[in-house]
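Student: My structure is stored as query-v6.txt, with compact mmCIF, C-alpha atoms.
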# COMPACT_ATOMS: atom_id res chain seq x y z
CA MET Z 414 13.71 -35.47 -8.13
CA LEU Z 415 10.10 -36.41 -8.69
CA LYS Z 416 11.13 -39.83 -9.98
CA ASN Z 417 12.90 -40.61 -6.74
CA GLU Z 418 9.81 -39.78 -4.70
CA LEU Z 419 7.62 -41.91 -6.93
CA GLN Z 420 10.16 -44.69 -6.71
CA HIS Z 421 9.98 -44.59 -2.93
CA LEU Z 422 6.20 -45.04 -3.01
CA PHE Z 423 6.44 -47.69 -5.71
CA SER Z 424 8.83 -49.70 -3.59
CA LEU Z 425 6.25 -50.10 -0.84
CA GLU Z 426 4.81 -53.59 -0.47
CA GLY Z 427 1.79 -54.18 -2.72
CA VAL Z 428 2.04 -50.98 -4.77
CA ARG Z 429 1.42 -51.61 -8.47
CA MET Z 430 1.44 -48.10 -9.85
CA VAL Z 431 2.19 -44.52 -8.85
CA ILE Z 432 0.98 -41.70 -11.04
CA VAL Z 433 0.79 -37.93 -10.81
CA ILE Z 434 -2.03 -36.32 -12.77
CA ASP Z 435 -3.45 -32.86 -13.18
CA SER Z 436 -7.05 -31.82 -12.77
CA GLU Z 437 -7.66 -32.17 -16.51
CA GLY Z 438 -6.69 -35.82 -16.42
CA ARG Z 439 -3.24 -35.44 -17.97
CA VAL Z 440 -0.32 -37.51 -16.72
CA ALA Z 441 2.56 -35.53 -15.23
CA ASP Z 442 4.60 -38.59 -14.33
CA GLU Z 443 4.01 -42.27 -13.69
CA MET Z 444 5.75 -45.40 -12.56
CA GLY Z 445 4.63 -48.99 -12.43
CA ALA Z 446 2.32 -51.45 -14.08
CA SER Z 447 2.82 -51.63 -17.81
CA ASN Z 448 -0.58 -53.19 -18.33
CA ILE Z 449 -2.37 -50.10 -17.03
CA ARG Z 450 -2.66 -47.24 -19.49
CA GLY Z 451 -1.77 -44.16 -17.50
CA GLU Z 452 -3.59 -41.68 -19.74
CA GLN Z 453 -6.86 -43.56 -19.49
CA LEU Z 454 -6.52 -44.04 -15.77
CA ALA Z 455 -5.68 -40.38 -15.29
CA ALA Z 456 -8.81 -39.29 -17.11
CA VAL Z 457 -11.01 -41.51 -14.94
CA VAL Z 458 -9.31 -40.54 -11.69
CA ALA Z 459 -9.68 -36.86 -12.54
CA PHE Z 460 -13.40 -37.55 -12.93
CA VAL Z 461 -13.51 -39.25 -9.53
CA MET Z 462 -11.69 -36.35 -7.92
CA ALA Z 463 -14.00 -33.81 -9.55
CA GLU Z 464 -17.07 -35.59 -8.19
CA SER Z 465 -15.40 -35.92 -4.81
CA ARG Z 466 -14.68 -32.23 -4.79
CA ALA Z 467 -18.35 -31.54 -5.50
CA MET Z 468 -19.27 -33.60 -2.45
CA ALA Z 469 -16.67 -31.83 -0.33
CA THR Z 470 -17.99 -28.46 -1.44
CA ARG Z 471 -21.51 -29.53 -0.56
CA LEU Z 472 -20.24 -30.35 2.91
CA GLY Z 473 -18.68 -26.92 3.22
CA GLN Z 474 -15.11 -28.03 2.63
CA GLU Z 475 -12.73 -26.65 0.03
CA GLN Z 476 -10.08 -29.29 0.55
CA ILE Z 477 -10.07 -33.01 -0.07
CA SER Z 478 -7.70 -34.90 2.19
CA MET Z 479 -7.88 -38.24 0.41
CA VAL Z 480 -10.06 -40.44 -1.77
CA PHE Z 481 -9.84 -44.18 -1.31
CA VAL Z 482 -11.62 -46.56 -3.66
CA GLU Z 483 -11.46 -50.24 -2.87
CA PHE Z 484 -12.29 -53.00 -5.30
CA ARG Z 485 -12.06 -56.75 -4.84
CA ASP Z 486 -8.71 -56.99 -6.66
CA LEU Z 487 -7.10 -53.61 -6.02
CA ALA Z 488 -7.42 -50.28 -4.32
CA LEU Z 489 -6.86 -46.72 -5.50
CA ILE Z 490 -5.67 -43.97 -3.19
CA SER Z 491 -5.55 -40.38 -4.33
CA VAL Z 492 -4.34 -37.32 -2.44
CA PRO Z 493 -4.27 -33.74 -3.70
CA LEU Z 494 -1.02 -32.00 -4.50
CA ARG Z 495 -0.27 -28.37 -5.18
CA SER Z 496 -1.73 -26.52 -8.19
CA GLY Z 497 -4.54 -28.98 -8.85
CA TYR Z 498 -2.36 -32.06 -9.24
CA PHE Z 499 -3.13 -35.42 -7.64
CA LEU Z 500 -0.90 -38.21 -6.48
CA VAL Z 501 -2.51 -41.57 -7.20
CA VAL Z 502 -1.34 -44.97 -6.01
CA ILE Z 503 -2.78 -48.30 -7.13
CA THR Z 504 -2.27 -51.16 -4.69
CA GLN Z 505 -3.00 -54.82 -5.00
CA VAL Z 506 -4.90 -56.96 -2.53
CA GLY Z 507 -3.01 -57.43 0.70
CA ALA Z 508 -1.11 -54.16 0.55
CA ASN Z 509 -0.82 -52.22 3.77
CA VAL Z 510 -3.10 -49.37 2.76
CA GLY Z 511 -2.52 -47.57 6.04
CA GLN Z 512 1.19 -47.46 5.46
CA VAL Z 513 0.82 -46.46 1.81
CA SER Z 514 -1.54 -43.60 2.60
CA TYR Z 515 0.75 -42.50 5.42
CA GLU Z 516 3.71 -42.40 3.06
CA MET Z 517 1.69 -40.56 0.44
CA LYS Z 518 0.72 -37.85 2.90
CA LYS Z 519 4.27 -37.70 4.21
CA HIS Z 520 5.62 -37.07 0.71
CA GLN Z 521 2.80 -34.82 -0.48
CA ASP Z 522 4.69 -31.58 0.02
CA ILE Z 523 7.95 -32.85 -1.41
CA ILE Z 524 6.26 -34.14 -4.55
CA SER Z 525 4.32 -30.90 -4.87
CA SER Z 526 7.55 -28.97 -4.81
CA PHE Z 527 8.61 -30.67 -8.04
CA LEU Z 528 5.45 -29.67 -9.94
CA MET M 725 -58.06 -40.63 12.47
CA THR M 726 -59.19 -38.28 15.11
CA GLY M 727 -59.51 -38.22 18.81
CA SER M 728 -57.18 -38.34 21.76
CA LEU M 729 -54.87 -41.10 20.73
CA PRO M 730 -52.30 -42.39 23.20
CA ALA M 731 -48.97 -40.60 23.05
CA GLY M 732 -46.98 -43.84 23.14
CA PHE M 733 -43.22 -44.14 23.42
CA PHE M 734 -41.24 -42.16 20.88
CA VAL M 735 -38.94 -44.53 19.00
CA GLY M 736 -37.45 -42.28 16.35
CA GLU M 737 -37.80 -40.51 13.04
CA MET M 738 -36.83 -41.57 9.59
CA GLN M 739 -37.49 -40.94 5.94
CA ALA M 740 -38.53 -43.92 3.87
CA PRO M 741 -41.23 -45.36 1.62
CA PHE M 742 -44.12 -46.35 3.87
CA LYS M 743 -44.09 -49.90 2.54
CA TRP M 744 -40.46 -50.16 3.56
CA ILE M 745 -41.23 -49.36 7.17
CA LEU M 746 -44.00 -51.95 7.26
CA ILE M 747 -41.52 -54.58 6.10
CA HIS M 748 -39.42 -53.64 9.11
CA ALA M 749 -42.36 -53.60 11.49
CA ALA M 750 -43.21 -57.27 11.76
CA ARG M 751 -43.05 -57.12 15.55
CA PHE M 752 -44.03 -53.49 15.97
CA GLN M 753 -47.25 -52.12 17.33
CA GLY M 754 -47.88 -48.44 17.57
CA MET M 755 -48.56 -45.24 15.72
CA ILE M 756 -46.60 -43.84 12.81
CA LEU M 757 -46.99 -40.16 12.03
CA VAL M 758 -46.59 -39.45 8.35
CA HIS M 759 -45.51 -36.12 6.87
CA ALA M 760 -45.92 -35.98 3.11
CA PRO M 761 -45.53 -33.04 0.72
CA ASP M 762 -49.27 -32.36 0.65
CA GLY M 763 -50.24 -33.06 4.23
CA GLU M 764 -49.84 -35.30 7.21
CA GLY M 765 -51.54 -38.15 8.93
CA HIS M 766 -51.32 -41.24 11.13
CA VAL M 767 -51.17 -44.95 10.57
CA LEU M 768 -51.85 -47.36 13.42
CA VAL M 769 -49.71 -50.45 12.84
CA ARG M 770 -49.84 -53.88 14.43
CA LYS M 771 -47.28 -56.48 13.43
CA GLY M 772 -46.61 -54.97 10.05
CA SER M 773 -50.24 -54.41 9.13
CA PRO M 774 -51.97 -51.06 8.93
CA MET M 775 -54.99 -51.17 11.22
CA GLY M 776 -56.23 -47.66 10.69
CA CYS M 777 -55.23 -44.52 8.94
CA SER M 778 -56.10 -40.89 8.46
CA PHE M 779 -54.53 -38.18 6.37
CA ARG M 780 -55.25 -34.47 6.26
CA ARG M 781 -54.71 -32.87 2.87
CA GLY M 782 -55.54 -29.20 3.10
CA LYS M 783 -59.15 -29.01 4.13
CA ASP M 784 -59.84 -32.60 3.20
CA GLU M 785 -59.44 -35.48 5.58
CA LEU M 786 -58.93 -38.91 4.11
CA LYS M 787 -59.80 -41.86 6.30
CA GLY M 788 -59.15 -45.56 6.34
CA GLU M 789 -58.08 -47.23 3.14
CA ALA M 790 -58.27 -44.02 1.10
CA ALA M 791 -55.82 -42.35 3.45
CA TYR M 792 -53.52 -45.36 3.41
CA ARG M 793 -53.53 -45.59 -0.38
CA HIS M 794 -52.74 -41.90 -0.57
CA ILE M 795 -49.72 -42.29 1.71
CA LEU M 796 -48.46 -45.15 -0.45
CA THR M 797 -48.43 -42.93 -3.52
CA PHE M 798 -45.39 -41.06 -2.21
CA PRO M 799 -42.01 -42.62 -2.92
CA VAL M 800 -40.68 -41.28 0.36
CA VAL M 801 -42.33 -39.74 3.41
CA ASP M 802 -41.13 -38.45 6.77
CA LEU M 803 -42.07 -40.79 9.59
CA SER M 804 -42.22 -40.41 13.36
CA ILE M 805 -42.63 -43.72 15.13
CA TYR M 806 -44.36 -44.25 18.49
CA ARG M 807 -44.55 -47.64 20.15
CA TYR M 808 -47.77 -48.59 21.95
CA THR M 809 -48.39 -50.95 24.83
CA SER M 810 -51.22 -53.44 24.48
CA GLU M 811 -53.46 -51.13 26.50
CA GLU M 812 -52.58 -48.19 24.28
CA MET M 813 -53.28 -50.28 21.19
CA GLU M 814 -56.72 -51.12 22.52
CA GLU M 815 -57.41 -47.50 23.30
CA ALA M 816 -56.20 -46.40 19.86
CA THR M 817 -58.30 -49.08 18.20
CA ARG M 818 -61.39 -47.80 19.96
CA HIS M 819 -60.69 -44.30 18.68
CA LEU M 820 -60.20 -45.66 15.19
CA MET M 821 -63.57 -47.32 15.22
CA GLU M 822 -65.25 -44.22 16.56
CA SER M 823 -63.73 -42.00 13.91
CA GLY M 824 -64.26 -44.37 10.99
CA SER M 825 -60.57 -44.59 10.18
CA ILE M 826 -60.18 -48.35 10.16
CA CYS M 827 -58.45 -49.92 7.19
CA PRO M 828 -60.95 -52.55 5.96
CA SER M 829 -58.23 -54.77 4.60
CA SER M 830 -56.71 -55.24 8.03
CA ASP M 831 -57.44 -58.70 9.35
CA THR M 832 -56.58 -57.66 12.87
CA ILE M 833 -59.38 -55.16 13.21
CA PRO M 834 -62.60 -56.18 14.94
CA MET M 835 -65.38 -56.37 12.41
CA ILE M 836 -67.21 -53.43 13.87
CA GLN M 837 -67.16 -50.42 11.62
CA PRO M 838 -69.24 -47.55 12.81
CA GLY M 839 -68.46 -45.42 9.78
CA ARG M 840 -67.32 -45.75 6.20
CA ALA M 841 -63.73 -46.70 6.41
CA ASP M 842 -62.77 -45.28 3.07
CA SER M 843 -64.72 -42.10 3.26
CA VAL M 844 -63.23 -38.87 2.02
CA SER M 845 -64.72 -35.85 3.63
CA PRO M 846 -63.94 -32.18 3.84
CA HIS M 847 -62.38 -31.51 7.19
CA THR M 848 -65.13 -30.01 9.27
CA THR M 849 -65.18 -30.08 13.02
CA ARG M 850 -68.34 -31.10 14.69
CA GLU M 851 -69.17 -30.57 18.28
CA GLY M 852 -67.85 -33.34 20.44
CA GLU M 853 -65.57 -34.62 17.72
CA PRO M 854 -61.88 -33.87 18.17
CA ALA M 855 -60.45 -32.50 14.96
CA SER M 856 -56.74 -32.76 15.33
CA VAL M 857 -54.86 -35.30 13.30
CA ASN M 858 -51.57 -33.86 14.41
CA ALA M 859 -51.43 -34.93 18.00
CA PRO M 860 -51.72 -38.61 18.78
CA GLY M 861 -52.15 -38.04 22.46
CA ALA M 862 -53.34 -35.53 24.95
CA GLY M 863 -49.74 -34.73 25.70
CA GLY M 864 -49.21 -33.90 22.07
CA VAL M 865 -46.28 -34.69 19.82
CA PRO M 866 -43.96 -32.04 18.50
CA PRO M 867 -44.51 -31.59 14.76
CA LEU M 868 -41.78 -32.76 12.46
CA PRO M 869 -39.77 -30.15 10.63
CA ARG M 870 -40.96 -29.99 7.06
CA ARG M 871 -38.54 -31.16 4.44
CA ASN M 872 -38.57 -30.77 0.72
CA LEU M 873 -39.69 -34.24 -0.10
CA PRO M 874 -39.79 -35.31 -3.72
CA SER M 875 -43.27 -35.13 -5.09
CA ARG M 876 -44.67 -38.02 -7.07
CA ASP M 877 -44.26 -36.08 -10.28
CA ALA M 878 -40.79 -34.90 -9.42
CA ALA M 879 -39.75 -38.43 -8.69
CA GLY M 880 -40.93 -39.44 -12.12
CA GLU M 881 -43.40 -41.94 -10.78
CA SER M 882 -47.06 -42.08 -11.37
CA THR M 883 -49.46 -42.56 -8.51
CA GLU M 884 -50.24 -46.08 -9.64
CA ASP M 885 -46.60 -47.00 -10.10
CA ALA M 886 -45.72 -45.89 -6.62
CA ALA M 887 -48.68 -47.67 -5.10
CA GLU M 888 -47.75 -50.85 -6.93
CA GLU M 889 -44.09 -50.59 -5.95
CA ALA M 890 -42.43 -53.97 -6.17
CA PRO M 891 -41.58 -55.57 -2.85
CA VAL M 892 -37.99 -55.78 -1.73
CA VAL M 893 -36.45 -58.95 -3.14
CA LEU M 894 -34.11 -60.74 -0.79
CA PRO M 895 -31.76 -63.67 -1.17
CA SER M 896 -33.40 -66.78 0.16
CA GLY M 897 -33.09 -67.26 3.87
CA LEU M 898 -32.19 -63.65 4.56
CA ASP M 899 -34.23 -61.60 6.97
CA LEU M 900 -34.11 -58.01 5.80
CA GLU M 901 -35.49 -56.61 9.00
CA ASP M 902 -32.89 -58.21 11.20
CA LEU M 903 -30.09 -57.45 8.77
CA ALA M 904 -30.99 -53.81 8.22
CA TYR M 905 -31.44 -53.08 11.89
CA LEU M 906 -28.30 -54.94 12.83
CA LEU M 907 -26.10 -53.29 10.25
CA LEU M 908 -27.43 -49.76 10.37
CA GLY M 909 -27.73 -49.86 14.14
CA ARG M 910 -24.19 -51.10 14.56
CA ILE M 911 -22.80 -48.51 12.16
CA LEU M 912 -24.70 -45.66 13.76
CA ARG M 913 -23.56 -46.65 17.23
CA LEU M 914 -19.90 -46.48 16.28
CA PRO M 915 -18.17 -43.42 17.75
CA GLY M 916 -17.97 -40.66 15.15
CA VAL M 917 -20.72 -41.91 12.84
CA GLN M 918 -23.19 -39.09 12.28
CA ALA M 919 -25.68 -40.49 9.79
CA VAL M 920 -26.33 -43.51 7.61
CA SER M 921 -28.50 -43.64 4.53
CA ILE M 922 -29.55 -46.38 2.17
CA PHE M 923 -29.99 -44.97 -1.29
CA GLY M 924 -30.51 -45.98 -4.87
CA ARG M 925 -31.20 -44.27 -8.15
CA GLY M 926 -30.49 -40.87 -6.64
CA LYS M 927 -33.06 -41.20 -3.89
CA SER M 928 -32.67 -41.88 -0.22
CA VAL M 929 -34.63 -44.94 0.80
CA LEU M 930 -33.88 -44.88 4.47
CA SER M 931 -31.98 -42.26 6.41
CA ILE M 932 -31.01 -42.47 10.07
CA GLY M 933 -28.87 -40.20 12.18
CA ASN M 934 -28.23 -36.66 13.24
CA MET M 935 -27.72 -35.19 9.80
CA GLU M 936 -29.77 -34.82 6.67
CA LEU M 937 -28.30 -37.08 3.99
CA ASP M 938 -31.04 -36.82 1.41
CA SER M 939 -29.35 -34.00 -0.46
CA LEU M 940 -26.03 -35.84 -0.40
CA VAL M 941 -27.08 -39.09 -2.00
CA VAL M 942 -27.19 -37.63 -5.50
CA LEU M 943 -23.60 -36.49 -5.08
CA ALA M 944 -22.71 -39.83 -3.52
CA GLU M 945 -24.14 -41.56 -6.55
CA ASP M 946 -22.12 -39.33 -8.86
CA MET M 947 -18.94 -40.24 -6.97
CA LEU M 948 -19.92 -43.86 -7.18
CA HIS M 949 -20.45 -43.76 -10.94
CA ALA M 950 -17.11 -42.03 -11.40
CA ALA M 951 -15.35 -44.62 -9.24
CA ARG M 952 -16.92 -47.48 -11.14
CA GLU M 953 -15.45 -46.03 -14.33
CA ILE M 954 -12.07 -47.16 -13.01
CA SER M 955 -13.16 -50.66 -13.90
CA SER M 956 -13.32 -49.62 -17.54
CA VAL M 957 -9.58 -49.02 -17.72
CA MET M 958 -8.24 -51.87 -15.60
CA ARG M 959 -9.26 -55.14 -14.08
CA THR M 960 -10.54 -54.25 -10.63
CA GLY M 961 -13.00 -56.88 -9.52
CA SER M 962 -16.21 -55.86 -7.82
CA PHE M 963 -16.61 -52.53 -6.12
CA VAL M 964 -16.15 -52.71 -2.33
CA HIS M 965 -16.36 -49.15 -1.08
CA LEU M 966 -15.33 -45.56 -1.62
CA THR M 967 -14.16 -43.23 1.13
CA LEU M 968 -13.86 -39.49 0.70
CA GLN M 969 -11.80 -37.93 3.45
CA ILE M 970 -12.16 -34.23 4.11
CA PRO M 971 -11.00 -32.15 7.08
CA SER M 972 -14.41 -32.28 8.74
CA GLY M 973 -14.88 -36.02 8.39
CA LYS M 974 -15.47 -38.84 5.96
CA VAL M 975 -18.10 -39.91 3.47
CA ILE M 976 -18.23 -43.64 2.85
CA VAL M 977 -20.22 -45.22 0.04
CA ALA M 978 -20.61 -48.99 -0.15
CA PRO M 979 -22.97 -51.49 -1.77
CA TYR M 980 -25.97 -52.65 0.20
CA PHE M 981 -27.68 -55.42 -1.78
CA ASN M 982 -29.13 -53.70 -4.84
CA GLU M 983 -28.69 -50.28 -3.28
CA TYR M 984 -25.94 -48.40 -1.54
CA LEU M 985 -25.04 -47.16 1.91
CA CYS M 986 -23.84 -43.63 2.47
CA ILE M 987 -22.17 -43.06 5.84
CA LEU M 988 -21.20 -39.64 7.13
CA THR M 989 -18.66 -39.49 9.95
CA SER M 990 -16.56 -37.10 11.96
CA PRO M 991 -12.77 -37.09 11.41
CA GLY M 992 -11.88 -39.40 14.28
CA VAL M 993 -14.01 -42.36 13.26
CA ASN M 994 -12.43 -45.80 13.23
CA LEU M 995 -12.64 -46.78 9.57
CA GLY M 996 -11.59 -50.31 10.38
CA GLN M 997 -14.69 -50.86 12.47
CA ILE M 998 -16.93 -49.61 9.67
CA ARG M 999 -15.16 -51.72 7.06
CA LYS M 1000 -15.53 -54.75 9.30
CA ILE M 1001 -19.29 -54.24 9.41
CA LEU M 1002 -19.47 -53.57 5.67
CA LYS M 1003 -17.70 -56.85 5.00
CA GLU M 1004 -20.46 -58.65 6.84
CA ILE M 1005 -23.00 -57.57 4.26
CA PRO M 1006 -23.64 -60.71 2.22
CA ASP M 1007 -21.96 -60.60 -1.14
CA MET M 1008 -24.43 -60.22 -3.95
CA ALA M 1009 -23.41 -61.39 -7.38
CA ASP M 1010 -25.72 -58.93 -9.05
CA GLU M 1011 -25.34 -55.90 -11.26
CA GLY M 1012 -25.50 -53.56 -8.32
CA ARG M 1013 -22.22 -54.81 -6.97
CA GLU M 1014 -20.27 -56.47 -9.74
CA VAL M 1015 -18.56 -53.90 -11.87
CA ALA M 1016 -15.65 -55.76 -13.37
How does the structure come out when it is put into structure tokens?
Tutor:
Amino acid sequence: MLKNELQHLFSLEGVRMVIVIDSEGRVADEMGASNIRGEQLAAVVAFVMAESRAMATRLGQEQISMVFVEFRDLALISVPLRSGYFLVVITQVGANVGQVSYEMKKHQDIISSFL
Amino acid sequence: MTGSLPAGFFVGEMQAPFKWILIHAARFQGMILVHAPDGEGHVLVRKGSPMGCSFRRGKDELKGEAAYRHILTFPVVDLSIYRYTSEEMEEATRHLMESGSICPSSDTIPMIQPGRADSVSPHTTREGEPASVNAPGAGGVPPLPRRNLPSRDAAGESTEDAAEEAPVVLPSGLDLEDLAYLLLGRILRLPGVQAVSIFGRGKSVLSIGNMELDSLVVLAEDMLHAAREISSVMRTGSFVHLTLQIPSGKVIVAPYFNEYLCILTSPGVNLGQIRKILKEIPDMADEGREVA
């Protein structure tokens, strides 16, 4: 179940939100912070991923492995899934970003299989 | 500037506004070769001051202050930097005086000016007068590969605006030269780092490394703007950095005072080392960094 996979990521230390979005910025599923509006976040993250893809293309790459955006109070990690979907995790300060990104990549294929 | 100028010691190449390089050249003495969209020339520099200058534009050769002013009109030029010893500086200065390429405003130049320093003359070779402005020394210097530099018009700047470009404003007590060299040098020396660029408003200000980053900074800025939009939907605090990871490497974008750094790396780079250096950049509570 997709929910179970998201739950696993959400249970990691410092994770505030887990969300799966498509390339158009629509939310496929989400879990976490009630004070973050998933639809709005999805639209913005889709924009970030589109610009990142443009950069990757310019560098001769068709694939993005990961996009990591760090702010003072939180960080956003996004990895591509199958069929143009993205898995996005929001972490708070102090989270083990290395572990979170490792778990995201580890569960990429499983989550993709549910889409 | 004509004549057999000393070859000097090749320090490196970069792309930057000429004023920028002078800010970084407070302890430098030597020759800087300039490649601009409409020609190329030389500037002899001592401790951050232009001592003499020439610039060949088609058949015309600008000398002295006229050449220097012309170089300043370009927002960005390609630069090749050659360090001179004291003896080489003396020799170069003699050639400057002989060719009438001294910058009159320089207070380090002996007050002997055999020719008009700001003369503009069609480039004609006379007997006994070396004509080349391309080779600073008898040994010659390999020409720089031409790049598609932004023209003044394309950059949306008038000649006067570019010439009157505002100086870099620094926080009090901060030495830009030391900071820039320390940070960029440290980043570039890290294993896996291929190139580093300082950019702002879609233009590369300074680019160092093995790869051309000028064409990437526009895309980097687009990524940056998209990332900063995240702050419009949640409370994020100030922007720290963005890393795009692709199979062939990483692109890192981070604030650098009022501008941004773009770092291109191979896949195996140690991101922790880069982040450690980025965190040493003094925090600036200005609009360029605060996005919350």
Student: At a cut-off of 7 Å, using all atoms listed in the file, what residues contact Ser465 of chain Z? Leave out same-chain residues fewer than 4 positions from it and give the result as JSON, numbers by chain.
Tutor: {"Z": [461, 469], "M": [947, 968]}
Student: Create the file for the chosen residues now, containing C-alpha atoms and written as a PDB file, in the frame of the given file.
Tutor:
ATOM      1  CA  VAL Z 461     -13.510 -39.250  -9.530  1.00  0.00           C
ATOM      2  CA  ALA Z 469     -16.670 -31.830  -0.330  1.00  0.00           C
TER       3      ALA Z 469
ATOM      4  CA  MET M 947     -18.940 -40.240  -6.970  1.00  0.00           C
ATOM      5  CA  LEU M 968     -13.860 -39.490   0.700  1.00  0.00           C
TER       6      LEU M 968
END
Student: Which residues of chain M have any atom within 10 Å of an atom in chain Z when counting only C-alpha atoms, and what is the closest pair of atoms for each, with the distance in Å to one decimal? Order the rows by chain and rising number and write it as CSV.
Tutor:
residue,atom,partner,partner_atom,distance
M:Ser939,CA,Z:Arg471,CA,9.0
M:Leu940,CA,Z:Met468,CA,7.4
M:Val941,CA,Z:Met468,CA,9.6
M:Val942,CA,Z:Met468,CA,9.4
M:Leu943,CA,Z:Met468,CA,5.8
M:Ala944,CA,Z:Met468,CA,7.2
M:Glu945,CA,Z:Glu464,CA,9.4
M:Asp946,CA,Z:Glu464,CA,6.3
M:Met947,CA,Z:Glu464,CA,5.2
M:Leu948,CA,Z:Val461,CA,8.2
M:His949,CA,Z:Val461,CA,8.4
M:Ala950,CA,Z:Val461,CA,4.9
M:Ala951,CA,Z:Val461,CA,5.7
M:Arg952,CA,Z:Val461,CA,9.1
M:Glu953,CA,Z:Val457,CA,6.4
M:Ile954,CA,Z:Val457,CA,6.1
M:Ser955,CA,Z:Phe484,CA,9.0
M:Ser956,CA,Z:Val457,CA,8.8
M:Val957,CA,Z:Leu454,CA,6.2
M:Met958,CA,Z:Ile449,CA,6.3
M:Arg959,CA,Z:Asp486,CA,7.7
M:Thr960,CA,Z:Asp486,CA,5.2
M:Gly961,CA,Z:Arg485,CA,4.8
M:Ser962,CA,Z:Arg485,CA,5.2
M:Phe963,CA,Z:Phe484,CA,4.4
M:Val964,CA,Z:Phe484,CA,4.9
M:His965,CA,Z:Glu483,CA,5.3
M:Leu966,CA,Z:Val482,CA,4.4
M:Thr967,CA,Z:Phe481,CA,5.1
M:Leu968,CA,Z:Val480,CA,4.6
M:Gln969,CA,Z:Met479,CA,5.0
M:Ile970,CA,Z:Ile477,CA,4.8
M:Pro971,CA,Z:Ser478,CA,6.5
M:Ser972,CA,Z:Gln474,CA,7.5
M:Gly973,CA,Z:Leu472,CA,9.5
M:Lys974,CA,Z:Met479,CA,9.4
M:Val975,CA,Z:Met468,CA,8.7
M:Ile976,CA,Z:Phe481,CA,9.4
M:Val977,CA,Z:Val482,CA,9.5
M:Ala978,CA,Z:Glu483,CA,9.6
M:Glu1014,CA,Z:Arg485,CA,9.6
M:Val1015,CA,Z:Phe484,CA,9.1
M:Ala1016,CA,Z:Phe484,CA,9.2
Student: From the list Z:Phe499, Z:Glu426, Z:Leu494, Z:Glu418, which residue is nearest Arg439 of chain Z when using all atoms listed in the file?
Tutor: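 Answer, going by the shortest atom-to-atom distance: Z:Phe499.
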Student: Need to verify the contact set: segment 751-765 of chain M, 7 Å, only C-alpha atoms, exclusion of same-chain residues closer than 5 positions in sequence. Can you return it as a ChimeraX atom specification?
Tutor: /M:770-772,778-782,801-808,813,857-858,873,875
Student: Which residue, M:Gly909, M:Ala749, M:Met935, M:Leu985, has the smallest gap to Ser921 of chain M when you use all atoms listed in the file?
Tutor: M:Leu985
Student: Mind giving me the straight-line distance from atom CA of Ala919 of chain M to atom CA of Val993 of chain M in Å, one decimal?
Tutor: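 Spanning atom CA of Ala919 of chain M to atom CA of Val993 of chain M is a straight-line distance of 12.3 Å.
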Student: What's the separation between atom CA of Ile932 of chain M and atom CA of Met738 of chain M, in Å to one decimal place?
Tutor: 5.9 Å
Student: One decimal, Å: what's the distance from atom CA of Val428 of chain Z over to atom CA of Leu988 of chain M, could you say?
Tutor: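 Answer for the atom CA of Val428 of chain Z to atom CA of Leu988 of chain M separation: 28.5 Å.
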Student: With distances taken over all atoms listed in the file, which of Z:Ile523, Z:Val431, Z:Ala446, Z:Val513 is nearest to Leu419 of chain Z?
Tutor: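 Among the listed residues, Z:Val431 lies closest to Leu419 of chain Z.
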Student: Just the residues within 9 Å of Leu528 of chain Z, please, counting all atoms listed in the file, with nothing from its chain fewer than 6 positions along; format it as a ChimeraX atom specification.
Tutor: /Z:415,441,494-496,498
Student: Dig up all the protein and nucleic acid residues within 9 Å of (-28.6, -45.9, 4.8) in the file frame, using only C-alpha atoms, and format them as a compact mmCIF listing (two decimals) with C-alpha atoms, in the frame of the given file.
Tutor:
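Contents of out.txt, as written:
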# COMPACT_ATOMS: atom_id res chain seq x y z
CA ALA M 904 -30.99 -53.81 8.22
CA LEU M 908 -27.43 -49.76 10.37
CA ALA M 919 -25.68 -40.49 9.79
CA VAL M 920 -26.33 -43.51 7.61
CA SER M 921 -28.50 -43.64 4.53
CA ILE M 922 -29.55 -46.38 2.17
CA PHE M 923 -29.99 -44.97 -1.29
CA SER M 928 -32.67 -41.88 -0.22
CA VAL M 929 -34.63 -44.94 0.80
CA LEU M 930 -33.88 -44.88 4.47
CA SER M 931 -31.98 -42.26 6.41
CA ILE M 932 -31.01 -42.47 10.07
CA LEU M 937 -28.30 -37.08 3.99
CA TYR M 980 -25.97 -52.65 0.20
CA TYR M 984 -25.94 -48.40 -1.54
CA LEU M 985 -25.04 -47.16 1.91
CA CYS M 986 -23.84 -43.63 2.47
CA ILE M 987 -22.17 -43.06 5.84
Student: Give the answer as one residue: which of M:Asp938, M:Leu768, M:Leu912, M:Glu737 has the shortest atom-to-atom distance to Glu812 of chain M, using all atoms listed in the file?
Tutor: M:Leu768
Student: Contacts of Gly427 of chain Z at 10 Å or less, counting only C-alpha atoms, minus same-chain residues fewer than 3 places along, as a PyMOL selection string?
Tutor: chain Z and resi 423-424+430+487+503-510+513
Student: Got time to write the residues from that selection, C-alpha atoms, as a compact mmCIF listing (two decimals), in the frame of the given file?
Tutor:
# COMPACT_ATOMS: atom_id res chain seq x y z
CA PHE Z 423 6.44 -47.69 -5.71
CA SER Z 424 8.83 -49.70 -3.59
CA MET Z 430 1.44 -48.10 -9.85
CA LEU Z 487 -7.10 -53.61 -6.02
CA ILE Z 503 -2.78 -48.30 -7.13
CA THR Z 504 -2.27 -51.16 -4.69
CA GLN Z 505 -3.00 -54.82 -5.00
CA VAL Z 506 -4.90 -56.96 -2.53
CA GLY Z 507 -3.01 -57.43 0.70
CA ALA Z 508 -1.11 -54.16 0.55
CA ASN Z 509 -0.82 -52.22 3.77
CA VAL Z 510 -3.10 -49.37 2.76
CA VAL Z 513 0.82 -46.46 1.81
